[in-house]
$ cat run_29.csv   # CSV, C-alpha atoms
chain,number,residue,atom,x,y,z
S,1,MET,CA,-60.9,-1.4,25.0
S,2,SER,CA,-57.6,-0.5,26.6
S,3,THR,CA,-55.1,1.2,24.3
S,4,SER,CA,-52.0,0.8,26.6
S,5,LYS,CA,-49.4,-1.8,25.7
S,6,LYS,CA,-49.7,-5.1,27.5
S,7,ARG,CA,-46.5,-6.5,28.9
S,8,VAL,CA,-45.7,-10.1,27.9
S,9,LEU,CA,-42.7,-11.8,29.4
S,10,VAL,CA,-41.2,-14.8,27.6
S,11,ILE,CA,-38.9,-16.9,29.7
S,12,GLY,CA,-36.4,-18.7,27.5
S,13,ALA,CA,-35.3,-18.1,23.9
S,14,GLY,CA,-35.0,-21.6,22.4
S,15,TYR,CA,-37.1,-22.8,19.5
S,16,ALA,CA,-40.4,-22.1,21.3
S,17,GLY,CA,-39.4,-19.0,23.2
S,18,ALA,CA,-37.9,-17.2,20.2
S,19,THR,CA,-40.8,-18.1,18.0
S,20,VAL,CA,-43.5,-16.9,20.3
S,21,ALA,CA,-41.7,-13.6,20.9
S,22,VAL,CA,-41.2,-12.7,17.2
S,23,ARG,CA,-44.6,-13.9,16.2
S,24,LEU,CA,-46.3,-12.0,19.0
S,25,ALA,CA,-44.3,-8.8,18.4
S,26,GLY,CA,-45.1,-8.9,14.7
S,27,ARG,CA,-48.8,-9.8,14.9
S,28,SER,CA,-49.7,-7.6,17.8
S,29,ARG,CA,-48.6,-4.5,15.8
S,30,GLY,CA,-47.3,-2.6,18.8
S,31,ARG,CA,-50.1,-3.6,21.2
S,32,ALA,CA,-47.8,-5.9,23.2
S,33,GLU,CA,-44.5,-5.0,24.8
S,34,VAL,CA,-42.6,-8.3,24.5
S,35,THR,CA,-39.6,-9.0,26.7
S,36,VAL,CA,-37.5,-12.2,26.6
S,37,VAL,CA,-35.3,-13.4,29.4
S,38,ASN,CA,-32.5,-15.9,28.4
S,39,PRO,CA,-29.4,-17.0,30.2
S,40,ARG,CA,-27.1,-15.9,27.3
S,41,PRO,CA,-27.2,-13.5,24.3
S,42,GLN,CA,-26.6,-16.4,21.8
S,43,PHE,CA,-29.2,-18.8,20.4
S,44,VAL,CA,-28.6,-22.5,21.2
S,45,ASN,CA,-29.6,-24.9,18.4
S,46,ARG,CA,-30.5,-27.8,20.6
S,47,LEU,CA,-30.6,-30.3,17.8
S,48,ARG,CA,-26.8,-29.9,17.5
S,49,LEU,CA,-25.8,-30.3,21.1
S,50,HIS,CA,-24.3,-33.8,20.4
S,51,HIS,CA,-22.2,-32.0,17.8
S,52,VAL,CA,-20.9,-29.6,20.5
S,53,ALA,CA,-20.1,-32.7,22.6
S,54,ILE,CA,-17.6,-34.0,20.1
S,55,GLY,CA,-16.0,-30.7,19.4
S,56,ARG,CA,-17.7,-29.8,16.1
S,57,ALA,CA,-18.1,-26.0,15.4
S,58,VAL,CA,-21.7,-25.1,15.9
S,59,PRO,CA,-23.0,-21.6,15.0
S,60,ALA,CA,-24.3,-19.5,17.8
S,61,PRO,CA,-26.4,-16.7,16.3
S,62,ASP,CA,-26.8,-13.4,18.1
S,63,LEU,CA,-30.2,-13.5,19.8
S,64,ARG,CA,-30.9,-9.7,19.6
S,65,ARG,CA,-30.5,-9.9,15.8
S,66,MET,CA,-32.7,-12.9,15.6
S,67,LEU,CA,-35.5,-11.4,17.7
S,68,GLY,CA,-35.4,-8.0,16.0
S,69,ALA,CA,-36.2,-4.5,17.3
S,70,GLY,CA,-39.7,-5.4,18.4
S,71,VAL,CA,-38.5,-7.6,21.2
S,72,THR,CA,-36.4,-6.7,24.3
S,73,LEU,CA,-33.8,-9.2,25.3
S,74,VAL,CA,-32.8,-9.4,29.0
S,75,GLU,CA,-29.8,-11.6,29.7
S,76,GLY,CA,-30.0,-13.5,32.9
S,77,HIS,CA,-31.9,-16.2,34.8
S,78,VAL,CA,-35.4,-15.8,36.3
S,79,THR,CA,-34.7,-16.7,39.9
S,80,THR,CA,-38.3,-16.2,41.2
S,81,LEU,CA,-41.6,-16.1,39.4
S,82,ASP,CA,-44.8,-14.7,41.0
S,83,PRO,CA,-47.6,-15.4,38.5
S,84,ASP,CA,-50.3,-14.0,40.8
S,85,ALA,CA,-48.6,-10.6,41.3
S,86,GLY,CA,-47.2,-10.5,37.7
S,87,ARG,CA,-43.6,-10.2,38.7
S,88,ALA,CA,-40.3,-12.0,37.9
S,89,THR,CA,-36.9,-11.5,39.5
S,90,VAL,CA,-34.0,-11.8,37.1
S,91,ALA,CA,-30.4,-12.2,38.0
S,92,GLY,CA,-28.0,-11.3,35.2
S,93,PRO,CA,-24.5,-9.8,34.5
S,94,ASP,CA,-25.8,-6.3,35.3
S,95,GLY,CA,-27.3,-7.4,38.7
S,96,VAL,CA,-30.8,-8.2,39.9
S,97,ARG,CA,-33.9,-6.6,38.4
S,98,LEU,CA,-37.6,-6.9,38.7
S,99,LEU,CA,-39.8,-7.4,35.6
S,100,ALA,CA,-43.6,-6.8,35.7
S,101,PHE,CA,-45.9,-8.6,33.3
S,102,ASP,CA,-49.5,-9.0,32.3
S,103,ARG,CA,-49.0,-12.4,30.7
S,104,VAL,CA,-46.0,-14.8,31.0
S,105,VAL,CA,-45.0,-17.5,28.5
S,106,VAL,CA,-42.8,-20.2,30.1
S,107,ALA,CA,-40.5,-21.5,27.4
S,108,THR,CA,-37.6,-22.9,29.5
S,109,GLY,CA,-37.4,-26.1,27.6
S,110,SER,CA,-36.0,-29.2,29.3
S,111,THR,CA,-32.7,-30.8,30.2
S,112,THR,CA,-31.6,-34.3,30.8
S,113,ALA,CA,-33.3,-35.7,33.9
S,114,ALA,CA,-31.1,-36.7,36.7
S,115,ALA,CA,-30.0,-40.3,36.6
S,116,PRO,CA,-32.2,-42.0,39.2
S,117,VAL,CA,-29.6,-44.6,40.3
S,118,PRO,CA,-26.8,-44.8,42.8
S,119,GLY,CA,-23.8,-43.0,41.2
S,120,GLY,CA,-26.0,-40.9,39.0
S,121,GLU,CA,-23.8,-37.8,39.9
S,122,LEU,CA,-21.0,-39.4,37.9
S,123,VAL,CA,-22.7,-39.3,34.5
S,124,HIS,CA,-22.5,-36.8,31.7
S,125,ALA,CA,-25.3,-35.5,29.5
S,126,VAL,CA,-26.1,-33.5,26.4
S,127,GLY,CA,-29.5,-32.0,27.3
S,128,ASP,CA,-28.2,-28.5,27.6
S,129,LEU,CA,-25.2,-26.4,26.4
S,130,GLU,CA,-23.3,-26.5,29.7
S,131,SER,CA,-23.6,-30.3,29.9
S,132,ALA,CA,-22.5,-30.7,26.3
S,133,HIS,CA,-19.4,-28.5,26.9
S,134,ARG,CA,-18.5,-30.6,30.0
S,135,LEU,CA,-18.9,-33.8,28.0
S,136,ARG,CA,-16.8,-32.3,25.2
S,137,THR,CA,-13.9,-31.7,27.6
S,138,ALA,CA,-14.1,-35.1,29.3
S,139,PHE,CA,-14.5,-37.0,26.0
S,140,ALA,CA,-11.6,-35.2,24.3
S,141,ALA,CA,-9.3,-36.0,27.3
S,142,LEU,CA,-10.3,-39.7,27.4
S,143,PRO,CA,-7.3,-42.0,26.8
S,144,GLY,CA,-7.6,-44.3,23.8
S,145,GLY,CA,-9.2,-47.7,24.6
S,146,THR,CA,-11.3,-46.3,27.5
S,147,PRO,CA,-14.8,-47.7,27.2
S,148,VAL,CA,-17.7,-45.2,26.8
S,149,SER,CA,-21.3,-46.0,27.5
S,150,VAL,CA,-24.4,-44.1,26.4
S,151,VAL,CA,-27.5,-45.0,28.5
S,152,GLY,CA,-30.9,-44.5,26.8
S,153,GLY,CA,-32.0,-45.6,23.3
S,154,GLY,CA,-34.3,-42.7,22.4
S,155,PHE,CA,-33.5,-40.3,19.6
S,156,THR,CA,-31.0,-38.3,21.7
S,157,GLY,CA,-29.2,-41.5,22.8
S,158,LEU,CA,-29.0,-42.8,19.2
S,159,GLU,CA,-27.6,-39.6,17.8
S,160,THR,CA,-25.2,-39.2,20.6
S,161,VAL,CA,-23.8,-42.7,20.6
S,162,ALA,CA,-23.3,-42.5,16.8
S,163,GLU,CA,-21.5,-39.2,17.0
S,164,LEU,CA,-19.2,-40.4,19.7
S,165,ALA,CA,-18.3,-43.6,17.9
S,166,GLU,CA,-17.7,-41.9,14.6
S,167,SER,CA,-15.5,-39.2,16.0
S,168,ARG,CA,-13.3,-41.5,18.2
S,169,PRO,CA,-12.8,-44.9,16.6
S,170,ASP,CA,-10.0,-45.4,19.2
S,171,VAL,CA,-12.4,-45.9,22.0
S,172,PRO,CA,-15.0,-48.7,22.3
S,173,VAL,CA,-18.5,-47.2,22.5
S,174,ARG,CA,-21.6,-49.0,23.8
S,175,LEU,CA,-25.3,-48.2,23.8
S,176,VAL,CA,-27.3,-49.5,26.8
S,177,THR,CA,-31.1,-49.3,26.7
S,178,ALA,CA,-33.9,-50.9,28.6
S,179,GLY,CA,-35.9,-51.4,25.4
S,180,GLU,CA,-35.2,-52.8,22.0
S,181,VAL,CA,-32.5,-51.0,20.1
S,182,GLY,CA,-34.4,-48.9,17.5
S,183,GLY,CA,-37.6,-50.2,18.8
S,184,TRP,CA,-39.6,-47.0,18.1
S,185,PHE,CA,-39.1,-47.3,14.3
S,186,THR,CA,-40.8,-49.7,11.9
S,187,PRO,CA,-39.0,-53.1,11.8
S,188,PRO,CA,-37.1,-52.4,8.6
S,189,ALA,CA,-35.9,-49.0,9.8
S,190,ALA,CA,-35.0,-50.4,13.2
S,191,GLU,CA,-32.9,-53.0,11.5
S,192,HIS,CA,-31.2,-50.2,9.5
S,193,VAL,CA,-30.5,-48.4,12.8
S,194,ARG,CA,-28.9,-51.5,14.4
S,195,ARG,CA,-26.9,-52.3,11.3
S,196,THR,CA,-25.6,-48.7,11.1
S,197,LEU,CA,-24.6,-48.7,14.7
S,198,GLU,CA,-22.7,-51.9,14.2
S,199,ASP,CA,-20.9,-50.5,11.2
S,200,LEU,CA,-19.8,-47.6,13.4
S,201,GLY,CA,-18.4,-50.0,15.9
S,202,VAL,CA,-21.1,-49.5,18.5
S,203,GLU,CA,-22.0,-52.4,20.7
S,204,ALA,CA,-25.7,-52.2,21.3
S,205,LEU,CA,-27.2,-53.8,24.4
S,206,GLY,CA,-31.0,-53.9,24.3
S,207,GLY,CA,-33.2,-55.0,27.2
S,208,ALA,CA,-30.5,-53.9,29.7
S,209,ARG,CA,-31.5,-51.6,32.6
S,210,VAL,CA,-28.8,-49.8,34.6
S,211,ARG,CA,-29.0,-50.3,38.3
S,212,ALA,CA,-26.0,-48.3,39.4
S,213,VAL,CA,-23.1,-46.2,38.0
S,214,ALA,CA,-19.5,-46.5,39.2
S,215,PRO,CA,-16.4,-44.5,37.9
S,216,ASP,CA,-15.3,-47.5,35.8
S,217,ARG,CA,-18.4,-49.6,35.1
S,218,LEU,CA,-22.2,-49.9,35.0
S,219,VAL,CA,-24.1,-52.4,37.1
S,220,LEU,CA,-27.1,-53.8,35.3
S,221,GLU,CA,-30.4,-54.9,36.8
S,222,ASP,CA,-29.5,-58.6,36.4
S,223,GLY,CA,-26.2,-58.1,38.3
S,224,ALA,CA,-24.0,-58.0,35.2
S,225,GLU,CA,-21.3,-55.4,35.0
S,226,VAL,CA,-20.3,-53.4,31.9
S,227,PRO,CA,-16.9,-51.5,31.8
S,228,SER,CA,-17.4,-47.8,31.3
S,229,GLY,CA,-14.8,-45.1,31.9
S,230,LEU,CA,-17.2,-42.4,30.8
S,231,THR,CA,-21.0,-42.7,30.9
S,232,VAL,CA,-23.4,-40.4,29.1
S,233,TRP,CA,-27.0,-40.5,30.4
S,234,CYS,CA,-29.8,-40.0,27.8
S,235,GLY,CA,-32.5,-41.5,29.9
S,236,GLY,CA,-35.2,-38.8,29.5
S,237,PHE,CA,-35.8,-35.1,30.0
S,238,ALA,CA,-37.2,-32.9,32.8
S,239,ALA,CA,-38.2,-29.3,32.9
S,240,PRO,CA,-36.3,-26.8,35.1
S,241,PRO,CA,-37.7,-26.2,38.7
S,242,LEU,CA,-38.8,-22.6,38.0
S,243,ALA,CA,-42.5,-23.4,37.5
S,244,ARG,CA,-42.7,-25.9,40.4
S,245,ASP,CA,-41.0,-23.4,42.7
S,246,ALA,CA,-43.5,-20.7,41.6
S,247,GLY,CA,-46.4,-22.8,42.8
S,248,ILE,CA,-47.6,-23.6,39.3
S,249,ALA,CA,-49.2,-27.0,38.8
S,250,VAL,CA,-46.6,-29.3,37.1
S,251,ASP,CA,-46.3,-33.0,36.2
S,252,ASP,CA,-43.7,-35.4,37.7
S,253,ARG,CA,-41.1,-34.0,35.3
S,254,GLY,CA,-41.7,-30.4,36.2
S,255,ALA,CA,-43.6,-29.5,33.0
S,256,ILE,CA,-46.5,-27.1,33.4
S,257,LEU,CA,-49.9,-28.8,33.2
S,258,THR,CA,-51.9,-27.0,30.6
S,259,ASP,CA,-55.2,-27.2,28.8
S,260,ALA,CA,-55.3,-27.9,25.1
S,261,ALA,CA,-55.0,-24.1,24.5
S,262,LEU,CA,-51.6,-24.1,26.3
S,263,ARG,CA,-52.8,-22.3,29.4
S,264,SER,CA,-51.7,-23.3,32.8
S,265,LEU,CA,-54.4,-25.3,34.7
S,266,SER,CA,-53.6,-23.5,37.9
S,267,HIS,CA,-52.7,-20.0,36.6
S,268,PRO,CA,-54.6,-18.9,33.5
S,269,ALA,CA,-52.3,-15.9,32.9
S,270,VAL,CA,-49.4,-18.4,32.4
S,271,LEU,CA,-48.9,-20.1,29.0
S,272,ALA,CA,-46.4,-22.9,28.5
S,273,VAL,CA,-44.8,-23.9,25.2
S,274,GLY,CA,-42.4,-26.5,24.0
S,275,ASP,CA,-40.9,-28.9,26.5
S,276,ALA,CA,-41.9,-26.6,29.4
S,277,GLY,CA,-45.5,-27.5,28.9
S,278,HIS,CA,-47.5,-30.8,29.4
S,279,THR,CA,-50.2,-30.2,26.9
S,280,PRO,CA,-52.8,-33.0,26.3
S,281,ALA,CA,-52.9,-34.4,22.8
S,282,PRO,CA,-56.1,-35.7,21.2
S,283,ASP,CA,-55.2,-39.3,22.1
S,284,GLY,CA,-55.1,-38.4,25.8
S,285,ASP,CA,-51.3,-38.5,26.1
S,286,ARG,CA,-49.1,-35.4,26.1
S,287,PHE,CA,-47.7,-34.1,22.9
S,288,SER,CA,-44.2,-35.5,22.2
S,289,MET,CA,-41.3,-33.3,23.3
S,290,SER,CA,-39.7,-32.2,20.0
S,291,CYS,CA,-39.2,-29.2,17.7
S,292,GLN,CA,-42.3,-30.5,15.9
S,293,PHE,CA,-44.2,-29.5,19.0
S,294,ALA,CA,-42.1,-26.5,20.0
S,295,PHE,CA,-42.7,-24.4,16.9
S,296,PRO,CA,-46.5,-24.9,16.5
S,297,SER,CA,-47.1,-24.5,20.3
S,298,ALA,CA,-45.2,-21.3,20.3
S,299,ALA,CA,-47.1,-20.0,17.2
S,300,HIS,CA,-50.4,-21.0,18.7
S,301,ALA,CA,-49.6,-19.3,22.0
S,302,ALA,CA,-48.6,-16.1,20.2
S,303,ASP,CA,-51.8,-16.1,18.2
S,304,ALA,CA,-53.9,-16.6,21.4
S,305,LEU,CA,-52.0,-13.7,23.0
S,306,VAL,CA,-52.7,-11.5,20.0
S,307,GLY,CA,-56.4,-12.0,20.7
S,308,ASP,CA,-55.8,-11.1,24.3
S,309,THR,CA,-53.8,-8.0,23.4
S,310,VAL,CA,-56.4,-6.7,21.0
S,311,ILE,CA,-59.2,-6.9,23.6
S,312,GLY,CA,-57.0,-5.5,26.4
S,313,PHE,CA,-56.7,-8.8,28.3
S,314,ASP,CA,-60.3,-8.7,29.4
S,315,GLY,CA,-63.5,-10.1,28.1
S,316,ALA,CA,-63.5,-13.3,25.9
S,317,VAL,CA,-60.3,-15.2,25.6
S,318,ASP,CA,-59.0,-17.1,22.6
S,319,ASP,CA,-59.1,-20.6,24.0
S,320,ARG,CA,-59.0,-22.6,20.8
S,321,PRO,CA,-57.1,-25.9,21.3
S,322,LEU,CA,-53.8,-26.5,19.5
S,323,ASP,CA,-54.6,-28.7,16.5
S,324,LEU,CA,-51.3,-30.4,15.6
S,325,GLY,CA,-50.5,-33.6,13.7
S,326,PHE,CA,-47.0,-35.1,13.5
S,327,THR,CA,-45.6,-36.1,10.1
S,328,ALA,CA,-42.2,-37.7,10.4
S,329,ARG,CA,-39.1,-38.0,12.6
S,330,CYS,CA,-35.6,-37.6,11.3
S,331,VAL,CA,-32.7,-39.1,13.3
S,332,SER,CA,-29.0,-38.7,12.4
S,333,LEU,CA,-26.5,-41.5,12.9
S,334,GLY,CA,-23.3,-39.7,12.5
S,335,ARG,CA,-22.4,-37.5,9.6
S,336,ARG,CA,-23.1,-40.0,6.8
S,337,HIS,CA,-26.2,-41.8,8.0
S,338,ALA,CA,-29.8,-40.8,9.0
S,339,VAL,CA,-33.3,-42.2,9.0
S,340,LEU,CA,-36.4,-40.3,8.0
S,341,GLN,CA,-39.3,-42.2,9.5
S,342,PRO,CA,-42.9,-41.1,8.5
S,343,THR,CA,-45.4,-41.2,11.4
S,344,THR,CA,-49.1,-41.0,12.0
S,345,ALA,CA,-50.5,-37.8,13.2
S,346,THR,CA,-50.1,-39.1,16.8
S,347,ASP,CA,-46.4,-39.7,16.3
S,348,VAL,CA,-46.4,-43.4,15.7
S,349,ALA,CA,-43.9,-44.8,13.2
S,350,ARG,CA,-45.5,-46.0,10.0
S,351,GLY,CA,-44.8,-46.8,6.4
S,352,ARG,CA,-41.4,-47.0,4.6
S,353,ALA,CA,-38.5,-45.0,6.1
S,354,VAL,CA,-36.1,-43.1,4.0
S,355,THR,CA,-32.4,-43.8,4.5
S,356,GLY,CA,-29.2,-42.9,2.7
S,357,ARG,CA,-28.2,-39.5,1.2
S,358,ALA,CA,-31.8,-38.3,1.1
S,359,ALA,CA,-32.3,-38.8,4.8
S,360,VAL,CA,-29.0,-37.1,5.6
S,361,LEU,CA,-30.1,-34.1,3.5
S,362,ALA,CA,-33.4,-34.0,5.2
S,363,LYS,CA,-31.7,-34.0,8.6
S,364,GLN,CA,-29.4,-31.1,7.5
S,365,PHE,CA,-32.5,-29.2,6.3
S,366,GLN,CA,-34.2,-29.7,9.6
S,367,VAL,CA,-31.2,-28.6,11.7
S,368,ARG,CA,-30.6,-25.5,9.6
S,369,GLY,CA,-34.3,-24.8,9.3
S,370,THR,CA,-34.8,-24.2,13.0
S,371,VAL,CA,-32.9,-21.0,12.8
S,372,SER,CA,-34.2,-19.9,9.5
S,373,ALA,CA,-37.8,-20.5,10.5
S,374,ILE,CA,-37.5,-18.0,13.4
S,375,GLY,CA,-36.0,-15.5,11.0
S,376,LEU,CA,-38.8,-16.0,8.5
S,377,GLU,CA,-41.4,-15.6,11.3
S,378,ARG,CA,-39.8,-12.3,12.3
S,379,ARG,CA,-39.8,-11.0,8.8
S,380,LEU,CA,-43.3,-12.4,7.9
S,381,PRO,CA,-45.3,-12.8,11.1
S,382,GLY,CA,-47.7,-15.7,10.7
S,383,ALA,CA,-45.4,-17.6,8.3
S,384,ILE,CA,-45.0,-20.7,10.5
S,385,ARG,CA,-47.8,-23.2,9.8
S,386,TRP,CA,-48.2,-26.8,10.7
S,387,PRO,CA,-50.2,-29.9,9.7
S,388,HIS,CA,-53.4,-30.6,11.7
S,389,GLY,CA,-54.4,-33.8,13.4
S,390,GLU,CA,-57.2,-34.6,11.0
S,391,ARG,CA,-55.1,-34.5,7.9
S,392,PRO,CA,-55.2,-37.6,5.6
S,393,VAL,CA,-52.6,-40.2,6.5
S,394,GLN,CA,-51.1,-40.1,3.0
S,395,ASP,CA,-49.9,-36.5,3.3
S,396,ALA,CA,-46.2,-35.9,2.7
S,397,PRO,CA,-43.8,-35.8,5.7
S,398,THR,CA,-43.2,-32.1,5.3
S,399,THR,CA,-45.3,-29.2,4.1
S,400,ALA,CA,-44.2,-26.0,2.4
S,401,GLY,CA,-43.8,-23.2,5.0
S,402,SER,CA,-43.9,-25.5,7.9
S,403,ALA,CA,-41.2,-25.3,10.6
S,404,PRO,CA,-39.0,-28.4,11.2
$ encode --input "run_29.csv" --output "structure tokens"
Amino acid sequence: MSTSKKRVLVIGAGYAGATVAVRLAGRSRGRAEVTVVNPRPQFVNRLRLHHVAIGRAVPAPDLRRMLGAGVTLVEGHVTTLDPDAGRATVAGPDGVRLLAFDRVVVATGSTTAAAPVPGGELVHAVGDLESAHRLRTAFAALPGGTPVSVVGGGFTGLETVAELAESRPDVPVRLVTAGEVGGWFTPPAAEHVRRTLEDLGVEALGGARVRAVAPDRLVLEDGAEVPSGLTVWCGGFAAPPLARDAGIAVDDRGAILTDAALRSLSHPAVLAVGDAGHTPAPDGDRFSMSCQFAFPSAAHAADALVGDTVIGFDGAVDDRPLDLGFTARCVSLGRRHAVLQPTTATDVARGRAVTGRAAVLAKQFQVRGTVSAIGLERRLPGAIRWPHGERPVQDAPTTAGSAP
């Protein structure tokens, strides 16, 4: 067995990247040399980007402190990745440097997919910190009475439209979605979502697909026009182009195609976690893009790498599939409203949703828990645990010690 340290490069330090780094550093007990590359030295709590967009103060913890002494943080962007040669080029504030690795974990997350319609370059987004800051500036400068549209009725769209409407009652805010408003939820919860949006002054247009975007309006598929002086696109997410440019097999959104053990189908030395990976779920679809996948996938990848590290990256490989069952989704609708929706293990809404103060507190716990979970994992490697797919359907939405 080799006794030299094995070099593991983690690209990205969001929920998944930070978790895999601290868990691997702690559980490998010095056998792995863990390096994290991230564009900035602060942690971005992605669940709060819609708060950034309306100007709320959002903590930005110091990443070096979060990751601890066992992890080396390199500030910069990976501009080229060569998984076959085990090299990555990083451009940062101190210039360009080359990093060598034995294993690489891609944890680059995702950002809002480009709007696939004419005029898509005019829209704003909240899928990354830079986009949220640009939206913050544009939204704050918007004259009263200027109509605002949020396109996309998923969780990000719902949370964003509610925050915008609540923070600026002087501007009319509209939600435009191709599906039913709140359609993912159970019928009673969906009705609560629609009623809450109405109370916030949001006009919700369901079954409306956007065909084009203009500076002052949206053109719908049926030819109708909707006034919009500022449009926010929440129509889906895509991974950064790094993996595709590196020749790694990806899906149509740029996420790395992996096996059930999170290993790249084209490059076994590459693991992908969180939104950066397209990992098959037991039902044949990919696991949902969420922090409920980010934390367990990161912890599972770290454990697999610990096995690799102990045996010197040769011989048998820990190829156990990720066994993950979802429990619930919690969606905020402004500061005073939220919906906690229980789900099946495959992330389908079921049962009676929780609303009111209890749901708001649950959302606050989730948002704050993302940072504390990483800190707990650093202090107690192996602390993050998660429900499995075969658990009984009556299990509670959360389990002690689980990450949000």
$ residues_around --input "run_29.csv" --residues "Glu377 of chain S" --least-positions-apart "6" --cutoff "8 Å" --atoms "all atoms listed in the file" --output "NGL selection string"
:S and (19 or 22-23 or 383-384)
$ residues_around --input "run_29.csv" --residues "segment 46-57 of chain S" --least-positions-apart "6" --cutoff "8 Å" --atoms "only C-alpha atoms" --output "list of chain:residue names"
S:Gly14, S:Val126, S:Gly127, S:Asp128, S:Leu129, S:Ala132, S:His133, S:Arg134, S:Leu135, S:Arg136, S:Phe139, S:Ala140, S:Glu159, S:Thr160, S:Glu163, S:Leu164, S:Ser167, S:Val367
$ closest_residue --input "run_29.csv" --among "S:Thr279, S:Thr309, S:Thr112, S:Ser149" --to "Ser297 of chain S" --atoms "all atoms listed in the file"
S:Thr279
$ residues_near_point --input "run_29.csv" --point "(-33.8, -12.4, 19.4)" --cutoff "10 Å" --atoms "only C-alpha atoms" --output "MDAnalysis selection string"
chainID S and resid 13:14 17:19 21:22 35:36 38 41:43 61:73 374:375 378
$ closest_residue --input "run_29.csv" --among "S:Val273, S:Ala115, S:Ile11, S:Ala281" --to "Leu81 of chain S" --atoms "all atoms listed in the file"
S:Ile11
